[in-house]
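The structure appears right after this line, and notes come after that.
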Amino acid sequence: MKVAIDIGPTENGDSVRGKGVYTRELLVATGLAGVDVSKTDLSKYNIVQFTRFNPFFISVPFTKPRNIKFILTIYDLIPLIYPKHYPSGIRGWIKWHINKFLIRKNINAIITISETSKKDICRFLRFDPKKVHVIYLASRLIFKKLEISEWKVEVKKQYNLPDRFALYVGDINYNKNIPNLVKACKLAKMPLVIVGKQAAEIENMDLNHLELKHLKNVDWAGVIRVGFVPDADLIKIYNLATVYVQPSLYEGFGLPVLEALACGTPVVATKTQCLVEILGDDFNYVGANDPKDIAKGILNPNKGSKLPRVYTWHQTAKETTELYNTLT
């Protein structure tokens with residue numbers, strides 16, 4: 001069996017996001033070679049897995065060679081859940097309908113990363129639920145609790161970190177609920193540190209744009225926006241954080257919560273469908289639309305909660321290769 005996995009998300013802006021992490025870790029865990037599907041003769045493979053999907057851009061080939069199976073990874077369909085905040089435009093709307101046609105025509109199986117996303121995929125795409133396979137992500141092994149040494153002083157100085165702070169890692173899209181996170185940290189009198197390229201570039205963004213309008217009246221005073229940081233430093237920042245906060249209105253998975261827990265950092269998470277699925281019932285959740293409730297969580301976060309399952313990339317690879325075998 002010859003399998004091709006699309007390496008596109010490792011070579012563009014997604015390389016530091018969940019899509020890039022997923023693609024790299026899947027390649028390592030399965031031991032398979034990745035290819036640029038846009039420049040490769042796919043007919044010589046038995047299975048091709050496409051690892052990037054945007055509903056408003058053509059993400060599926062128009063044709064499929066005979067005797068080949070196509071798998072598509074869809075992480076979430078959040079832009080379709082909040083259309084006012086993720087406007088497709090006329091072209092995007094047309095491409096979305098082309099994508100739906102091409103998926104039903106050419107895709108043999110879909111991999112997604114939570115039961116929450118599976119429900120959305122089946123609803124919006126009208127795709128056979130039996131062909132949508134939930135395979136969970138995992139925190140990478142590099143994320144772990146560190147022994148405190150001289151690195152603590154160095155990292156705090158490099159990123160201007162206070163002794164106590166709440167941490168958020170990721171983008172600042174509408175579903176991430178950043179305005180309520182900022183309000184909650186001010187109520188809790190806890191400095192907020194945001195890791196991620198987008199937050200660091202707020203001043204250069206057009207906040208009148210529909211996708212950014214939710215950030216227009218955010219009071220960034222006292223919020224430390226460190227921008228992108230390499231993994232080696234991110235691990236240390238997780239370890240230094242007093243609490244990690246995932247304030248999302250909606251998620252397809254929520255990988256940073258697993259990274260934070262792996263580093264021994266107490267976690268606050270909102271009671272959204274996917275986060276409850278990932279973190280389980282042994283967890284005290286907060287209301288996404290209530291900054292006061294998020295603030296209470298920040299002052300009394302979850303520590304050492306029992307997860308509903310073990311998340312490992314070995315398991316991710318095992319379930320993915322099992323799917324390959326069922327298609328051949």
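Ordering of the structure tokens sets the chain letters (A, B, ...); residue numbers start at 1 within each chain; ligands are numbered from 1 in the order shown.
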Within 8 Å of Val267 in chain A, counting only C-alpha atoms, which residues show up once you throw out same-chain ones fewer than 5 positions away? Write them as a list of chain:residue names, please. A:Val243, A:Tyr244, A:Val245, A:Gln246, A:Val257, A:Ala260, A:Leu261, A:Pro301, A:Asn302, A:Lys303
Contact residues around Arg126 in chain A with only C-alpha atoms at 12 Å, ignoring same-chain residues under 3 positions, as a list in words: His97, Lys100, Phe101, Ile103, Arg104, Lys118, Lys119, Asp120, Ile121, Cys122, Arg123, Pro129, Lys130, Lys131 and Val132 of chain A
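Minimum atom-to-atom distance to Met205 in chain A, evaluated using only C-alpha atoms, belongs to A:Ile172 out of A:Leu80, A:Ile98, A:Ala33, A:Ile172.
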Taking 4 positions as the minimum chain separation for residues in the same chain, which residues sit within 12 Å of Gly254 in chain A when counting only C-alpha atoms? Answer as a count of residues only. 38
Residue neighbourhood Pro83 in chain A, 12 Å, only C-alpha atoms, exclusion window fewer than 4 positions, as a PyMOL selection string: chain A and resi 55-56+77-79+87-89+92-93+174-175+210-211
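DSSP on the backbone gives strand (DSSP E) for these parts of range 135-300 of chain A: Ala166, Leu167, Tyr168, Val169, Leu192, Val193, Ile194, Val195, Val223, Ile224, Arg225, Val226, Gly227, Val243, Tyr244, Val245, Gln246, Val267, Val268 and Ala269 of chain A.
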Within 10 Å of Lys186 in chain A, counting only C-alpha atoms, which residues qualify if same-chain residues fewer than 2 places away don't, as an mmCIF file with N, CA and C atoms, in the first residue's frame?
data_model
loop_
_atom_site.group_PDB
_atom_site.id
_atom_site.type_symbol
_atom_site.label_atom_id
_atom_site.label_comp_id
_atom_site.auth_asym_id
_atom_site.auth_seq_id
_atom_site.Cartn_x
_atom_site.Cartn_y
_atom_site.Cartn_z
ATOM 1 N N ASN A 180 -13.800 38.821 26.116
ATOM 2 C CA ASN A 180 -14.213 38.387 27.450
ATOM 3 C C ASN A 180 -13.039 37.879 28.279
ATOM 4 N N LEU A 181 -12.031 37.324 27.608
ATOM 5 C CA LEU A 181 -10.824 36.897 28.323
ATOM 6 C C LEU A 181 -10.112 38.106 28.926
ATOM 7 N N VAL A 182 -9.972 39.171 28.139
ATOM 8 C CA VAL A 182 -9.304 40.387 28.626
ATOM 9 C C VAL A 182 -10.079 40.977 29.805
ATOM 10 N N LYS A 183 -11.407 41.043 29.678
ATOM 11 C CA LYS A 183 -12.239 41.572 30.770
ATOM 12 C C LYS A 183 -12.085 40.717 32.024
ATOM 13 N N ALA A 184 -12.085 39.413 31.859
ATOM 14 C CA ALA A 184 -12.000 38.511 33.003
ATOM 15 C C ALA A 184 -10.682 38.671 33.755
ATOM 16 N N ALA A 188 -10.107 39.712 37.617
ATOM 17 C CA ALA A 188 -9.350 38.851 38.524
ATOM 18 C C ALA A 188 -8.044 39.498 38.989
ATOM 19 N N LYS A 189 -7.743 40.672 38.407
ATOM 20 C CA LYS A 189 -6.481 41.367 38.707
ATOM 21 C C LYS A 189 -5.281 40.441 38.446
ATOM 22 N N MET A 190 -5.392 39.724 37.333
ATOM 23 C CA MET A 190 -4.340 38.800 36.918
ATOM 24 C C MET A 190 -3.804 39.248 35.561
ATOM 25 N N PRO A 191 -2.516 39.576 35.448
ATOM 26 C CA PRO A 191 -1.957 39.961 34.146
ATOM 27 C C PRO A 191 -2.186 38.862 33.105
ATOM 28 N N LEU A 192 -2.477 39.286 31.888
ATOM 29 C CA LEU A 192 -2.725 38.345 30.792
ATOM 30 C C LEU A 192 -1.560 38.369 29.816
ATOM 31 N N ASP A 219 -9.749 46.687 25.587
ATOM 32 C CA ASP A 219 -8.765 47.485 26.315
ATOM 33 C C ASP A 219 -7.517 46.630 26.523
ATOM 34 N N ALA A 221 -4.642 47.521 27.548
ATOM 35 C CA ALA A 221 -3.721 48.017 28.579
ATOM 36 C C ALA A 221 -3.392 46.900 29.567
ATOM 37 N N GLY A 222 -2.120 46.664 29.770
ATOM 38 C CA GLY A 222 -1.693 45.641 30.721
ATOM 39 C C GLY A 222 -1.624 44.242 30.148
ATOM 40 N N VAL A 223 -2.076 44.064 28.898
ATOM 41 C CA VAL A 223 -1.992 42.747 28.263
ATOM 42 C C VAL A 223 -0.633 42.631 27.575
ATOM 43 N N PRO A 291 -17.689 37.179 31.823
ATOM 44 C CA PRO A 291 -16.329 37.497 32.284
ATOM 45 C C PRO A 291 -16.142 37.282 33.783
ATOM 46 N N LYS A 292 -17.197 37.525 34.571
ATOM 47 C CA LYS A 292 -17.084 37.319 36.022
ATOM 48 C C LYS A 292 -16.858 35.849 36.347
ATOM 49 N N ALA A 295 -13.374 34.963 35.428
ATOM 50 C CA ALA A 295 -12.473 35.506 36.457
ATOM 51 C C ALA A 295 -12.436 34.604 37.680
#
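Picture a line from CA of Val193 in chain A to CA of Ile81 in chain A; it runs 28.0 Å.
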Just list the residues in range 96-299 of chain A DSSP gives helix (DSSP H, G or I) on the backbone, as a PyMOL selection string. chain A and resi 96-106+115-125+129-131+151-159+174-176+178-188+197-200+202-204+213-215+231-240+255-262+273-279+291-299
So that I have them on file, write out the residues from the current selection with C-alpha atoms, as a PDB file, in the first residue's frame.
ATOM      1  CA  TRP A  96     -18.151  26.305  -0.791  1.00  0.00           C
ATOM      2  CA  HIS A  97     -20.858  24.749  -2.945  1.00  0.00           C
ATOM      3  CA  ILE A  98     -18.231  23.436  -5.370  1.00  0.00           C
ATOM      4  CA  ASN A  99     -16.375  21.915  -2.408  1.00  0.00           C
ATOM      5  CA  LYS A 100     -19.550  20.192  -1.227  1.00  0.00           C
ATOM      6  CA  PHE A 101     -20.063  18.664  -4.679  1.00  0.00           C
ATOM      7  CA  LEU A 102     -16.424  17.558  -5.002  1.00  0.00           C
ATOM      8  CA  ILE A 103     -16.368  16.030  -1.519  1.00  0.00           C
ATOM      9  CA  ARG A 104     -19.409  13.905  -2.209  1.00  0.00           C
ATOM     10  CA  LYS A 105     -17.993  12.981  -5.635  1.00  0.00           C
ATOM     11  CA  ASN A 106     -14.326  12.269  -4.867  1.00  0.00           C
ATOM     12  CA  GLU A 115     -17.270  14.334  17.665  1.00  0.00           C
ATOM     13  CA  THR A 116     -18.280  18.000  17.780  1.00  0.00           C
ATOM     14  CA  SER A 117     -16.700  18.637  14.391  1.00  0.00           C
ATOM     15  CA  LYS A 118     -18.162  15.403  13.021  1.00  0.00           C
ATOM     16  CA  LYS A 119     -21.678  16.618  13.783  1.00  0.00           C
ATOM     17  CA  ASP A 120     -20.969  19.884  11.952  1.00  0.00           C
ATOM     18  CA  ILE A 121     -19.476  18.061   8.954  1.00  0.00           C
ATOM     19  CA  CYS A 122     -22.452  15.738   8.619  1.00  0.00           C
ATOM     20  CA  ARG A 123     -24.869  18.654   8.989  1.00  0.00           C
ATOM     21  CA  PHE A 124     -23.263  21.124   6.586  1.00  0.00           C
ATOM     22  CA  LEU A 125     -21.914  18.647   4.015  1.00  0.00           C
ATOM     23  CA  PRO A 129     -21.649   9.738   9.060  1.00  0.00           C
ATOM     24  CA  LYS A 130     -20.200   6.241   8.581  1.00  0.00           C
ATOM     25  CA  LYS A 131     -17.520   7.773   6.371  1.00  0.00           C
ATOM     26  CA  TRP A 151      16.002  29.459  32.484  1.00  0.00           C
ATOM     27  CA  LYS A 152      13.184  30.930  34.583  1.00  0.00           C
ATOM     28  CA  VAL A 153      14.928  34.276  35.033  1.00  0.00           C
ATOM     29  CA  GLU A 154      16.087  34.338  31.412  1.00  0.00           C
ATOM     30  CA  VAL A 155      12.627  33.681  29.910  1.00  0.00           C
ATOM     31  CA  LYS A 156      10.859  36.108  32.248  1.00  0.00           C
ATOM     32  CA  LYS A 157      13.323  38.815  31.272  1.00  0.00           C
ATOM     33  CA  GLN A 158      13.220  38.029  27.544  1.00  0.00           C
ATOM     34  CA  TYR A 159       9.419  38.228  27.319  1.00  0.00           C
ATOM     35  CA  TYR A 174     -14.159  35.584  16.897  1.00  0.00           C
ATOM     36  CA  ASN A 175     -14.731  32.093  18.313  1.00  0.00           C
ATOM     37  CA  LYS A 176     -11.679  32.463  20.588  1.00  0.00           C
ATOM     38  CA  ILE A 178     -10.636  37.275  23.439  1.00  0.00           C
ATOM     39  CA  PRO A 179     -12.678  40.336  24.559  1.00  0.00           C
ATOM     40  CA  ASN A 180     -14.213  38.387  27.450  1.00  0.00           C
ATOM     41  CA  LEU A 181     -10.824  36.897  28.323  1.00  0.00           C
ATOM     42  CA  VAL A 182      -9.304  40.387  28.626  1.00  0.00           C
ATOM     43  CA  LYS A 183     -12.239  41.572  30.770  1.00  0.00           C
ATOM     44  CA  ALA A 184     -12.000  38.511  33.003  1.00  0.00           C
ATOM     45  CA  CYS A 185      -8.287  38.967  33.666  1.00  0.00           C
ATOM     46  CA  LYS A 186      -8.871  42.587  34.643  1.00  0.00           C
ATOM     47  CA  LEU A 187     -11.633  41.497  37.035  1.00  0.00           C
ATOM     48  CA  ALA A 188      -9.350  38.851  38.524  1.00  0.00           C
ATOM     49  CA  LYS A 197       1.393  36.325  15.975  1.00  0.00           C
ATOM     50  CA  GLN A 198      -2.068  37.828  15.433  1.00  0.00           C
ATOM     51  CA  ALA A 199      -2.425  39.497  18.847  1.00  0.00           C
ATOM     52  CA  ALA A 200       0.981  41.133  18.482  1.00  0.00           C
ATOM     53  CA  ILE A 202      -3.389  44.353  16.382  1.00  0.00           C
ATOM     54  CA  GLU A 203      -2.201  47.898  15.721  1.00  0.00           C
ATOM     55  CA  ASN A 204      -1.640  47.040  12.041  1.00  0.00           C
ATOM     56  CA  LYS A 213     -14.746  43.898  14.532  1.00  0.00           C
ATOM     57  CA  HIS A 214     -15.075  41.991  17.815  1.00  0.00           C
ATOM     58  CA  LEU A 215     -11.647  43.349  18.821  1.00  0.00           C
ATOM     59  CA  ASP A 231       8.494  25.781  20.929  1.00  0.00           C
ATOM     60  CA  ALA A 232      11.455  25.698  23.323  1.00  0.00           C
ATOM     61  CA  ASP A 233      10.325  28.992  24.849  1.00  0.00           C
ATOM     62  CA  LEU A 234       6.602  28.160  24.682  1.00  0.00           C
ATOM     63  CA  ILE A 235       7.177  25.114  26.888  1.00  0.00           C
ATOM     64  CA  LYS A 236       8.866  27.334  29.467  1.00  0.00           C
ATOM     65  CA  ILE A 237       6.101  29.952  29.311  1.00  0.00           C
ATOM     66  CA  TYR A 238       3.491  27.235  29.925  1.00  0.00           C
ATOM     67  CA  ASN A 239       5.539  26.126  32.935  1.00  0.00           C
ATOM     68  CA  LEU A 240       5.762  29.670  34.298  1.00  0.00           C
ATOM     69  CA  LEU A 255      -4.919  21.586  21.543  1.00  0.00           C
ATOM     70  CA  PRO A 256      -3.350  24.193  23.891  1.00  0.00           C
ATOM     71  CA  VAL A 257      -5.359  22.854  26.852  1.00  0.00           C
ATOM     72  CA  LEU A 258      -3.596  19.499  26.477  1.00  0.00           C
ATOM     73  CA  GLU A 259      -0.230  21.224  26.113  1.00  0.00           C
ATOM     74  CA  ALA A 260      -0.861  23.226  29.276  1.00  0.00           C
ATOM     75  CA  LEU A 261      -1.947  20.159  31.246  1.00  0.00           C
ATOM     76  CA  ALA A 262       1.130  18.268  30.037  1.00  0.00           C
ATOM     77  CA  GLN A 273     -19.299  21.203  23.489  1.00  0.00           C
ATOM     78  CA  CYS A 274     -15.848  20.300  22.194  1.00  0.00           C
ATOM     79  CA  LEU A 275     -13.863  21.299  25.298  1.00  0.00           C
ATOM     80  CA  VAL A 276     -16.172  19.174  27.459  1.00  0.00           C
ATOM     81  CA  GLU A 277     -15.641  16.307  25.005  1.00  0.00           C
ATOM     82  CA  ILE A 278     -11.853  16.644  25.206  1.00  0.00           C
ATOM     83  CA  LEU A 279     -11.478  17.399  28.922  1.00  0.00           C
ATOM     84  CA  PRO A 291     -16.329  37.497  32.284  1.00  0.00           C
ATOM     85  CA  LYS A 292     -17.084  37.319  36.022  1.00  0.00           C
ATOM     86  CA  ASP A 293     -17.375  33.540  35.859  1.00  0.00           C
ATOM     87  CA  ILE A 294     -14.150  33.286  33.833  1.00  0.00           C
ATOM     88  CA  ALA A 295     -12.473  35.506  36.457  1.00  0.00           C
ATOM     89  CA  LYS A 296     -13.636  33.166  39.230  1.00  0.00           C
ATOM     90  CA  GLY A 297     -12.144  30.268  37.295  1.00  0.00           C
ATOM     91  CA  ILE A 298      -8.841  32.097  36.903  1.00  0.00           C
ATOM     92  CA  LEU A 299      -8.647  32.514  40.672  1.00  0.00           C
TER      93      LEU A 299
END
Can you work out which one of A:Met1, A:Ala317, A:Ile142, A:Leu72 has the shortest atom-to-atom distance to Asn54 in chain A, counting only C-alpha atoms? A:Leu72
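Closest approach to Val3 in chain A among A:Gln49, A:Ser43, A:Asn284, A:Ser149: A:Gln49, based on only C-alpha atoms.
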